[in-house]
file data39.cif (mmCIF, C-alpha atoms)
data_structure
loop_
_atom_site.label_atom_id
_atom_site.label_comp_id
_atom_site.auth_asym_id
_atom_site.auth_seq_id
_atom_site.Cartn_x
_atom_site.Cartn_y
_atom_site.Cartn_z
CA MET A 1 25.21 -16.40 -3.02
CA THR A 2 25.97 -13.26 -5.03
CA ASN A 3 28.00 -10.31 -3.76
CA LEU A 4 24.84 -8.16 -3.65
CA GLN A 5 22.90 -10.79 -1.69
CA GLU A 6 25.72 -11.05 0.84
CA LEU A 7 26.10 -7.27 1.13
CA ILE A 8 22.42 -6.71 1.83
CA ALA A 9 22.35 -9.66 4.25
CA LYS A 10 25.22 -8.13 6.23
CA ASP A 11 23.48 -4.75 6.16
CA LEU A 12 20.16 -6.09 7.44
CA LEU A 13 21.86 -8.05 10.21
CA SER A 14 24.04 -5.13 11.27
CA ILE A 15 21.04 -2.86 11.98
CA LYS A 16 18.84 -5.72 13.25
CA ALA A 17 16.33 -5.21 10.46
CA VAL A 18 16.53 -9.00 10.33
CA PHE A 19 17.18 -10.43 13.76
CA PHE A 20 17.55 -14.14 14.54
CA ARG A 21 16.66 -15.51 17.96
CA PRO A 22 16.28 -19.30 17.63
CA GLU A 23 16.66 -19.88 21.37
CA GLU A 24 13.87 -17.41 22.26
CA PRO A 25 11.41 -17.51 19.35
CA PHE A 26 9.14 -14.61 18.52
CA THR A 27 5.40 -15.26 18.32
CA TRP A 28 3.57 -14.08 15.20
CA ALA A 29 0.00 -12.78 15.30
CA SER A 30 -1.05 -16.16 13.91
CA GLY A 31 0.48 -17.85 16.97
CA ILE A 32 3.32 -19.42 14.99
CA LYS A 33 6.67 -19.42 16.75
CA SER A 34 9.39 -17.82 14.62
CA PRO A 35 13.18 -17.64 15.06
CA VAL A 36 13.34 -14.44 13.01
CA TYR A 37 12.12 -10.89 13.37
CA CYS A 38 12.11 -8.64 10.32
CA ASP A 39 11.58 -4.86 10.12
CA ASN A 40 12.99 -3.46 6.90
CA ARG A 41 11.75 0.02 7.81
CA LEU A 42 14.97 0.27 9.81
CA THR A 43 16.88 0.43 6.51
CA LEU A 44 15.59 3.97 6.03
CA THR A 45 17.24 5.26 9.20
CA SER A 46 20.74 4.01 8.29
CA VAL A 47 22.29 6.12 5.54
CA LYS A 48 24.75 3.43 4.48
CA VAL A 49 22.20 0.62 4.42
CA ARG A 50 19.60 2.80 2.73
CA CYS A 51 22.04 3.64 -0.08
CA ASP A 52 22.97 -0.02 -0.52
CA VAL A 53 19.30 -1.05 -0.64
CA GLU A 54 18.09 1.63 -3.06
CA ASN A 55 21.06 1.27 -5.39
CA GLY A 56 20.58 -2.49 -5.23
CA LEU A 57 16.89 -2.19 -6.13
CA ALA A 58 17.80 0.10 -9.02
CA THR A 59 20.29 -2.50 -10.25
CA LEU A 60 17.72 -5.31 -10.04
CA ILE A 61 15.21 -3.27 -12.01
CA LYS A 62 17.69 -2.41 -14.76
CA GLU A 63 18.83 -6.03 -15.02
CA ASN A 64 15.46 -7.78 -14.77
CA TYR A 65 12.93 -5.24 -15.99
CA PRO A 66 14.71 -3.03 -18.54
CA ASP A 67 11.39 -2.01 -20.13
CA ALA A 68 9.93 -0.65 -16.87
CA GLU A 69 8.19 2.73 -17.20
CA VAL A 70 6.73 3.29 -13.71
CA LEU A 71 7.51 2.08 -10.18
CA MET A 72 4.65 1.45 -7.78
CA GLY A 73 5.30 1.01 -4.06
CA THR A 74 3.21 -1.11 -1.74
CA SER A 75 1.51 0.70 1.12
CA THR A 76 3.11 1.60 3.37
CA ALA A 77 6.48 -0.11 3.60
CA GLY A 78 7.31 0.01 -0.11
CA ILE A 79 6.52 3.68 -0.71
CA ALA A 80 9.81 5.22 0.42
CA HIS A 81 11.86 2.57 -1.37
CA ALA A 82 9.90 3.09 -4.58
CA ALA A 83 10.36 6.86 -4.35
CA ILE A 84 14.10 6.75 -3.74
CA THR A 85 14.73 4.06 -6.35
CA ALA A 86 12.62 5.94 -8.90
CA HIS A 87 14.70 9.05 -8.21
CA ILE A 88 17.91 7.10 -8.86
CA LEU A 89 16.51 5.73 -12.12
CA GLY A 90 14.85 8.98 -13.21
CA MET A 91 11.46 7.26 -13.37
CA PRO A 92 7.93 8.22 -12.27
CA MET A 93 6.45 6.46 -9.26
CA GLY A 94 3.28 6.08 -7.29
CA TYR A 95 1.86 3.69 -4.76
CA VAL A 96 -1.10 1.42 -4.17
CA ARG A 97 -3.22 1.79 -1.06
CA SER A 98 -4.46 -1.24 0.85
CA GLY A 99 -7.97 -0.05 -0.01
CA ALA A 100 -9.65 2.82 -1.86
CA LYS A 101 -10.01 6.11 0.00
CA ASP A 102 -13.48 6.86 1.34
CA HIS A 103 -13.21 10.54 0.40
CA GLY A 104 -12.06 12.80 -2.43
CA ARG A 105 -11.51 10.88 -5.66
CA GLN A 106 -11.54 7.58 -3.75
CA ASN A 107 -8.24 6.54 -5.29
CA GLN A 108 -6.55 3.26 -4.49
CA ILE A 109 -3.69 3.93 -6.89
CA GLU A 110 -1.90 7.18 -6.08
CA GLY A 111 0.11 8.85 -8.83
CA LYS A 112 -0.46 8.97 -12.58
CA LEU A 113 -0.81 5.61 -14.27
CA GLU A 114 -1.75 5.18 -17.92
CA LYS A 115 -3.34 2.02 -19.27
CA GLY A 116 -0.72 -0.22 -20.86
CA GLN A 117 2.20 1.25 -18.92
CA LYS A 118 4.85 -1.24 -17.83
CA VAL A 119 5.03 -1.30 -14.06
CA VAL A 120 7.39 -2.78 -11.47
CA VAL A 121 6.08 -3.13 -7.91
CA VAL A 122 8.48 -2.28 -5.08
CA GLU A 123 7.97 -4.26 -1.85
CA ASP A 124 10.06 -4.47 1.30
CA LEU A 125 9.35 -8.06 2.36
CA ILE A 126 7.67 -11.13 0.89
CA SER A 127 6.56 -14.03 3.08
CA THR A 128 3.36 -15.72 1.89
CA GLY A 129 2.99 -13.31 -1.04
CA GLY A 130 -0.64 -12.43 -0.42
CA SER A 131 -0.33 -8.66 0.03
CA VAL A 132 1.91 -8.04 -2.99
CA ILE A 133 -0.34 -10.16 -5.22
CA GLU A 134 -3.28 -7.97 -4.17
CA VAL A 135 -1.30 -4.90 -5.29
CA VAL A 136 -0.46 -6.53 -8.62
CA ASN A 137 -4.13 -7.38 -9.17
CA VAL A 138 -5.20 -3.77 -8.50
CA LEU A 139 -2.66 -2.52 -11.04
CA ARG A 140 -3.70 -5.11 -13.62
CA GLU A 141 -7.35 -4.18 -13.18
CA ALA A 142 -6.38 -0.56 -13.84
CA GLY A 143 -4.87 -1.62 -17.17
CA ALA A 144 -1.19 -1.69 -16.24
CA GLU A 145 1.21 -4.30 -17.56
CA VAL A 146 2.91 -5.51 -14.39
CA LEU A 147 6.36 -6.80 -15.31
CA GLY A 148 7.03 -8.07 -11.81
CA VAL A 149 8.17 -7.23 -8.30
CA VAL A 150 11.43 -6.20 -6.66
CA SER A 151 11.82 -6.66 -2.92
CA ILE A 152 14.47 -6.28 -0.27
CA PHE A 153 14.02 -9.66 1.37
CA THR A 154 12.05 -12.83 0.76
CA TYR A 155 11.53 -15.80 3.05
CA GLY A 156 11.25 -18.21 0.13
CA MET A 157 8.41 -20.04 1.86
CA LYS A 158 6.72 -22.67 -0.31
CA LYS A 159 3.29 -21.09 0.16
CA GLY A 160 4.60 -17.75 -1.09
CA LEU A 161 6.43 -19.24 -4.06
CA VAL A 162 3.35 -21.21 -5.14
CA ARG A 163 1.08 -18.19 -4.78
CA LEU A 164 3.36 -16.00 -6.88
CA GLU A 165 3.65 -18.65 -9.58
CA GLU A 166 -0.11 -19.21 -9.71
CA ALA A 167 -0.68 -15.46 -10.01
CA ASN A 168 1.99 -15.22 -12.72
CA VAL A 169 4.00 -12.74 -10.66
CA LYS A 170 7.79 -12.63 -10.97
CA ASN A 171 9.74 -11.50 -7.90
CA VAL A 172 13.42 -10.63 -7.63
CA SER A 173 14.82 -9.95 -4.15
CA LEU A 174 18.02 -8.32 -2.98
CA THR A 175 18.58 -11.18 -0.55
CA ASN A 176 16.71 -14.10 0.96
CA PHE A 177 16.25 -16.12 4.13
CA ASP A 178 18.81 -18.80 3.23
CA VAL A 179 21.54 -16.27 2.46
CA ILE A 180 20.90 -14.28 5.63
CA ALA A 181 20.98 -17.45 7.74
CA GLU A 182 24.30 -18.45 6.18
CA VAL A 183 25.80 -14.98 6.65
CA ALA A 184 24.48 -14.80 10.22
CA ALA A 185 26.40 -17.98 11.05
CA LYS A 186 29.59 -16.71 9.38
CA GLU A 187 29.37 -13.40 11.23
CA ASN A 188 28.63 -15.13 14.57
CA TYR A 189 25.13 -13.74 15.02
CA ILE A 190 23.99 -17.34 15.44
CA LYS A 191 25.64 -20.73 15.83
CA GLU A 192 26.51 -22.77 12.76
CA GLU A 193 24.23 -25.59 13.93
CA ASP A 194 21.30 -23.14 14.05
CA VAL A 195 21.24 -22.78 10.26
CA ALA A 196 19.55 -26.15 9.73
CA ARG A 197 16.92 -25.21 12.34
CA LEU A 198 16.23 -21.93 10.57
CA ILE A 199 15.84 -23.64 7.20
CA ALA A 200 13.49 -26.19 8.80
CA PHE A 201 11.33 -23.27 9.99
CA ARG A 202 11.41 -21.72 6.52
CA ASN A 203 10.34 -25.01 4.94
CA ASN A 204 7.36 -25.45 7.28
CA PRO A 205 6.62 -22.56 9.69
CA SER A 206 3.72 -24.44 11.32
CA ASP A 207 5.98 -27.33 12.37
CA GLU A 208 7.66 -26.29 15.61
CA SER A 209 9.98 -29.29 15.85
CA TRP A 210 12.90 -26.99 14.88
CA ILE A 211 12.64 -25.38 18.34
CA LYS A 212 13.86 -28.58 19.98
#
call {"tool": "encode", "arguments": {"input": "data39.cif", "output": "structure tokens"}}
result
Amino acid sequence: MTNLQELIAKDLLSIKAVFFRPEEPFTWASGIKSPVYCDNRLTLTSVKVRCDVENGLATLIKENYPDAEVLMGTSTAGIAHAAITAHILGMPMGYVRSGAKDHGRQNQIEGKLEKGQKVVVVEDLISTGGSVIEVVNVLREAGAEVLGVVSIFTYGMKKGLVRLEEANVKNVSLTNFDVIAEVAAKENYIKEEDVARLIAFRNNPSDESWIK
């Protein structure tokens, strides 16, 4: 666990952007029971957390993608983070829509993007990886060289890790599920014995044996 991972974990827990409730699981749209609720949009409404997140993303980009020329946010959650981080780094930014507009120039990529430009995608959350891979594919089809992704939080689910690897997409996150679970126990958001249950969920979300 790095200092940055721990800082962001504490931030997300403090504003309930990541909220653990192993005793009363949330139900996802898929029907899967989950001990965690995540809404990183809340980071934008806390000045302290927002500063930590955007400065952290800027640091990750400088360390992992020093050749980056453009930041592209995912729609809609990644747009604000891409804009603020790009401002910190003095870089251009844009964003990728979930689909092309049905009017005007029918853009799917908003903002100027030249073929061959080195791009980093900014995402708020990665679970199974499907949505961010779609964004990467749109940028690649437009001729961009996608260096990789930066995100606030990743579950580290096997399905997501495999998908990213198969698509040749590198992701670097500010923090992850394991770190947040560990910090949550230390800070008494959850019981120490709940950590193993949370990791069991992360390893196989469709197996509900962790609930018992």
call {"tool": "residues_around", "arguments": {"input": "data39.cif", "residues": "Leu89 of chain A", "least_positions_apart": "6", "cutoff": "10 Å", "atoms": "all atoms listed in the file", "output": "JSON, numbers by chain"}}
result
{"A": [55, 57, 58, 59, 61, 62, 71, 83]}
call {"tool": "write_last_selection", "arguments": {"input": "data39.cif", "atoms": "C-alpha atoms", "output": "mmCIF file, in the frame of the given file"}}
result
data_model
loop_
_atom_site.group_PDB
_atom_site.id
_atom_site.type_symbol
_atom_site.label_atom_id
_atom_site.label_comp_id
_atom_site.auth_asym_id
_atom_site.auth_seq_id
_atom_site.Cartn_x
_atom_site.Cartn_y
_atom_site.Cartn_z
ATOM 1 C CA ASN A 55 21.060 1.270 -5.390
ATOM 2 C CA LEU A 57 16.890 -2.190 -6.130
ATOM 3 C CA ALA A 58 17.800 0.100 -9.020
ATOM 4 C CA THR A 59 20.290 -2.500 -10.250
ATOM 5 C CA ILE A 61 15.210 -3.270 -12.010
ATOM 6 C CA LYS A 62 17.690 -2.410 -14.760
ATOM 7 C CA LEU A 71 7.510 2.080 -10.180
ATOM 8 C CA ALA A 83 10.360 6.860 -4.350
#
call {"tool": "resolve_selection", "arguments": {"input": "data39.cif", "expression": "the PyMOL selection byres ((chain A and resi 98) around 9)", "output": "JSON list (two decimals) with C-alpha atoms, keeping the file's coordinate frame"}}
result
[["chain", "number", "residue", "atom", "x", "y", "z"],
["A", 74, "THR", "CA", 3.21, -1.11, -1.74],
["A", 75, "SER", "CA", 1.51, 0.70, 1.12],
["A", 76, "THR", "CA", 3.11, 1.60, 3.37],
["A", 96, "VAL", "CA", -1.10, 1.42, -4.17],
["A", 97, "ARG", "CA", -3.22, 1.79, -1.06],
["A", 99, "GLY", "CA", -7.97, -0.05, -0.01],
["A", 100, "ALA", "CA", -9.65, 2.82, -1.86],
["A", 108, "GLN", "CA", -6.55, 3.26, -4.49],
["A", 131, "SER", "CA", -0.33, -8.66, 0.03],
["A", 134, "GLU", "CA", -3.28, -7.97, -4.17],
["A", 135, "VAL", "CA", -1.30, -4.90, -5.29]]
call {"tool": "atom_distance", "arguments": {"input": "data39.cif", "atom1": "atom CA of Gly130 of chain A", "atom2": "atom CA of Met157 of chain A"}}
result
12.0 Å
call {"tool": "resolve_selection", "arguments": {"input": "data39.cif", "expression": "the PyMOL selection byres ((chain A and resi 195) around 10)", "output": "ChimeraX atom specification"}}
result
/A:22,178,180-185,190-194,196-201
call {"tool": "resolve_selection", "arguments": {"input": "data39.cif", "expression": "the PyMOL selection byres ((chain A and resi 152) around 6)", "output": "PyMOL selection string"}}
result
chain A and resi 124+151+153+173-174
call {"tool": "residues_around", "arguments": {"input": "data39.cif", "residues": "Gly31 of chain A", "least_positions_apart": "6", "cutoff": "12 Å", "atoms": "only C-alpha atoms", "output": "PyMOL selection string"}}
result
chain A and resi 25+205-208
call {"tool": "closest_residue", "arguments": {"input": "data39.cif", "among": "A:Ala29, A:Ala142, A:Val150, A:Ile133", "to": "His81 of chain A", "atoms": "only C-alpha atoms"}}
result
A:Val150
call {"tool": "atom_distance", "arguments": {"input": "data39.cif", "atom1": "atom CA of Ile88 of chain A", "atom2": "atom CA of Tyr155 of chain A"}}
result
26.6 Å
call {"tool": "residues_around", "arguments": {"input": "data39.cif", "residues": "Cys51 of chain A", "least_positions_apart": "6", "cutoff": "10 Å", "atoms": "all atoms listed in the file", "output": "number ranges by chain"}}
result
A: 43-44, 57, 84-85
call {"tool": "atom_distance", "arguments": {"input": "data39.cif", "atom1": "atom CA of Met93 of chain A", "atom2": "atom CA of Thr45 of chain A"}}
result
21.4 Å
call {"tool": "closest_residue", "arguments": {"input": "data39.cif", "among": "A:Gln117, A:Asn176, A:Asn171, A:Ser30", "to": "Val18 of chain A", "atoms": "only C-alpha atoms"}}
result
A:Asn176
